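J.: Quick one: the structure is below, questions incoming.
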Amino acid sequence: MSETLDDLGVLERPEASTPLGWLFWVCVGWLGLNVLAAIFANVLPLVDPLYQNYNVVNAGPSLHHLLGTDDLGRDIFSRIVFGSRVSIAVGVGAMAIGFGIGAPLGMMAAYRRGRFDTIVTTVMYVFLAFPAIVAVIAVLSFWTPRSLLKIILVIGLASVPLVYRVIRTATMAIATKDYVIAAKVQGATDRRILIKELLPNIAPIGVSFLLIGIATVVTLEGALAFLGLSVNPPTPSWGNMINESRTVMSQNPWLVLFPSLALCLFLLCLNFIGDRLRSHFDVTEVKL
Amino acid sequence: MSEVPLLEVRDLAVTFETAGGPLPAVSGVSFTVGPNETLGIVGESGSGKTVLARSIMGLQPRARVTTTGSVRLNGSETVGASEAELRRLWSTEVAMIFQDPMTALNPVMRVGKQIDETLRVRLGMSRPAAKARAIELLEMVGIPSPAQRYDAYPGQLSGGMRQRVVIAAALACTPKLLLADEPTTGLDVTIQAQILNLLDDLKDRLHMSVVLITHDLGVVATRTSHLAVMYAGRIVEFGATRDVFARHRMPYTRALLESSPRVANPSHTRLAAIPGRPPNLLTLGEGCAFAPRCAYASERCHVERPPLSAPDAAGHTFACWNPLTEESR
Amino acid sequence: MTDVLLSVRNLTVTFGKGAHRVSAVAGVSFDVYEGETLGLVGESGCGKSTTGKAIMKIVEPTSGSVSLDGADITSARGRTLRRLRTRMQMIFQDPISSLNPRRRIKDIVAEPLDCWGSATGAERDALVSDLLAKVGIDPVVYGNRYARQFSGGQCQRISIARSLAMRPKMLICDEMVSALDVSVQAQILNLLEDLKAEYGLTLLFIAHDLAVVKNVSDRVAVMYLGIICEIGPADVLYEAPAHPYTRFLLGAALEADPDAPRRSDVLEGEPPSPLNPPSGCRFRTRCPFAQEKCVNEVPVMRDVSPGHQVACHFPLVDVQ
């Protein structure tokens, strides 16, 4: 080239992402532990969560029963571990359905616009106008017998419009960028643009929303269980355990404390990780 | 009277605390502006020209910013001045207009009210008097049918009209100094000419001084009496505008002049581009900041920063070890 | 003159419906000859960018036709259109937003090749390295960096490299230097001239800066409120503008020269709203020479000298 260029000595815009920090990894570790425990609950040396030992009813934490026992003499620690299976399955499963349907629709609608967008968005907004929680309660009340799969399905479908709206808005902000137009001009197919140009830029928003979504669904499962609309007892879930414990709260406060703590920590970690990831991947948020 | 400069900047330095270390946005800047004078400050992005303007106004945030040196506005110091003291100076002594007029106006407030407010608060005018004066000001800046435009919202006006409103608001309390930071950059060519002519007229009518900050040498060429060229936070050349254009000594000034395309040149004239790009202020070395891009740089330029030369009879000064001469220019 | 490469006929682009209907481009016709640079200049809102986008069919033209080398673009769809577009590329105003911040620059430059599978493996990498080197970016050192790490000028270089990957015949440059600093702008303009010669490119250079347009263009077209009011060889048009608008536009241009004459005849007022354009000549509301005829009759393009045409009832130069 005719001109020499020494202007690339220093990159103008160095990496300016927020460090994730040690607390992030503590949270990841805790979540990992939760998930592993849930998966391998059967092989772990745990007491049967349904076994009722009437010799130790409403006992506090001890060596035999790490977190004590409930009013039927069942081991709380074991029930929390087994209960996490339901909570995590509902959270992950429902969000898988919500994202599986909502995210592609949202991306397509925002990228193509036009009639497709108008129709899908109108339908989604009609659903959004209807309070999702009431719908979920109503469906679950009548659709008996309840099973884990039905609960996942109902919550998952109810979350589709929310996911759709978030992903569509995020995609719209990116679909008008010059680099998307440039890709079109170079002859990229719509599918290629969606995967190569849009997806990587929406993914960070999607992931953080996904984590917060799982947290919300786990809470929702707790609320449903509290209303007696989750998996049928005696199957433990965090929500079920909290629900059952409310009658004996005064005699045995451990019974409400430990499942609540498990739920709380789980949600806290999810929200924290989601928030951290969002600011970490936010490359537009330049820090001086 | 004219012995006392209206604006006197001495050794002004502004340093930002950043994650990457201290960032010297402005260093060792000194200049004066006399009454009814127009000073142009020219520089590329990152040259510190906007930070300089904000520091003169005292608008720079205090947190994580260190400002040293002195800025005297009609005798009053603004560096380290209290908020109350600055408020007294703003709009009566000095006012500023910005590049984007939309950010300077409240989008949900009628434009007339925005001018009114200043008049009532600062000058203690009554409501009807303020309104009458506001309409007068709108007329002065060339807004057609000002009485109707008084009730318009900023969004209903074009970019050029908005900038006129901003000028009217800035001049409401007849400041003695107007700082204009890229006042025409977002505007169309024909509108730009209108606004610059308006500023020029107002300067004479109101006996103001104007500091015109821009990246565009075309804006300052015929409209300023003095010109300061900034590079990497420092003034590298200062003098009467005509002198700086015709007898510039600093190679950067020359490079800036030669790299901008001219309407007067035939098409396909090869531009004398400056290689490289403005330096990273975080990693400035000991030498002249322009040395890495300079065709005249010698060994000394890379290790020792040239100070501003002693001004000649016309007040022309420059910071260069190997200044251009009649022959080399 | 050589062959016509790009031909635009009666192009119109209309946005909105009913009372909000705006003709951003209201019937534009011009030819771009092979190997030349046509500058398209005008103020904001005159429709110059929309014209560029409509040519690429990024916005759908409402009517009219665009053909490249005889192939009709306006009626092309699907794969045919995508194929046609590779022969005509576009460079955008905002260098930062032109590049996907999450992709490595060598992948960005290779994108057109990957789309078409026209080069793979070592051949692809060699082509990409060559393109990056051509625009002054060291492929070995910087090829693996992400686009978000580069400055505006560098991003514009990468955009140019990408646009050349498929060896297009034509480049449409939409305000490609207006976001850059003066010194960087000169580098990019020089680079563009060099590459134009090397690759035998034809350029449509859209910009608002008169000096920049003149610097790169062989011919210049001036747009006002959705129509072309004058078109001619750059040096002739700047020397002796035939349309009053061109004259005022040139008069308003600021020269970096303290001895440049200060024009006192500044154009008054602002462009009317394209929602409700004036009857007859669109410039008549601001034109000091406007007469009865200008209100009633739309001026048609006519020759004032060879290759120099103007749409004005009372041109400022003698009609030959």
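Residue numbering restarts at 1 for every chain of the structure tokens, chains are lettered A, B, ... in their displayed order, and ligands are numbered from 1 as they appear.
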Check which residues of chain C sit at most 8 Å from chain A using only C-alpha atoms, and return one row each with the closest pair of atoms and their distance in Å to one decimal, ordered by chain and rising number, as a tab-separated table.
T.:
residue	atom	partner	partner_atom	distance
C:Met56	CA	A:Val185	CA	7.5
C:Ile58	CA	A:Ile181	CA	7.4
C:Arg82	CA	A:Gly187	CA	4.5
C:Arg83	CA	A:Gly187	CA	6.4
C:Arg85	CA	A:Val185	CA	5.8
C:Thr86	CA	A:Gln186	CA	5.6
C:Gln89	CA	A:Val185	CA	6.6
C:Met90	CA	A:Ala182	CA	7.2
C:Ile91	CA	A:Ala182	CA	7.9
C:Phe92	CA	A:Asp178	CA	6.9
C:Asp94	CA	A:Asp178	CA	7.6
C:Ser97	CA	A:Asp178	CA	5.5
C:Ser98	CA	A:Tyr179	CA	4.2
C:Leu99	CA	A:Tyr179	CA	5.0
C:Asn100	CA	A:Tyr179	CA	5.7
C:Pro101	CA	A:Val283	CA	7.9
C:Arg102	CA	A:Pro200	CA	6.8
C:Glu111	CA	A:Ala183	CA	7.7
C:Pro112	CA	A:Gln186	CA	5.3
C:Cys115	CA	A:Ala188	CA	5.4
C:Trp116	CA	A:Gly187	CA	7.6
C:Ala133	CA	A:Met1	CA	7.9
C:Lys134	CA	A:Met1	CA	6.2
C:Val135	CA	A:Met1	CA	7.3
C:Gly136	CA	A:Leu5	CA	6.4
C:Ile137	CA	A:Leu8	CA	7.7
C:Arg148	CA	A:Arg13	CA	7.0
C:Gln149	CA	A:Arg13	CA	4.6
C:Phe150	CA	A:Glu12	CA	5.7
C:Ser151	CA	A:Glu12	CA	5.3
C:Ser163	CA	A:Gln186	CA	7.7
C:Gln187	CA	A:Glu3	CA	7.9
J.: Would you give me, as a count of residues only, the residues of chain B that come within 9 Å of chain C, using only C-alpha atoms?
T.: 49
J.: Extract, using only C-alpha atoms, all DNA, RNA and protein residues at most 7 Å from Glu221 in chain A, discarding same-chain residues fewer than 4 positions from it, and format them as a PyMOL selection string.
T.: chain A and resi 87+217+225+230+239
J.: Would you kindly return, as JSON, numbers by chain, each protein, DNA or RNA residue with an atom no farther than 12 Å from any atom of Thr169 in chain A, considering only C-alpha atoms and excluding same-chain residues fewer than 5 positions away?
T.: {"A": [103, 105, 106, 107, 108, 109, 110, 111, 113, 117, 121, 162, 163, 164, 174, 175, 176, 202, 205, 206]}
J.: Run DSSP on the backbone and tell me which residues of range 10-170 of chain A come out as alpha helix (DSSP H); list them as number ranges by chain.
T.: A: 22-39, 76-112, 114-129, 132-142, 148-170
J.: Which one is closest to Phe40 in chain A: A:Ser62, A:Phe82, A:Arg74, A:Pro161? Count only C-alpha atoms.
T.: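 Ranking A:Ser62, A:Phe82, A:Arg74, A:Pro161 by distance to Phe40 in chain A, first place goes to A:Phe82.
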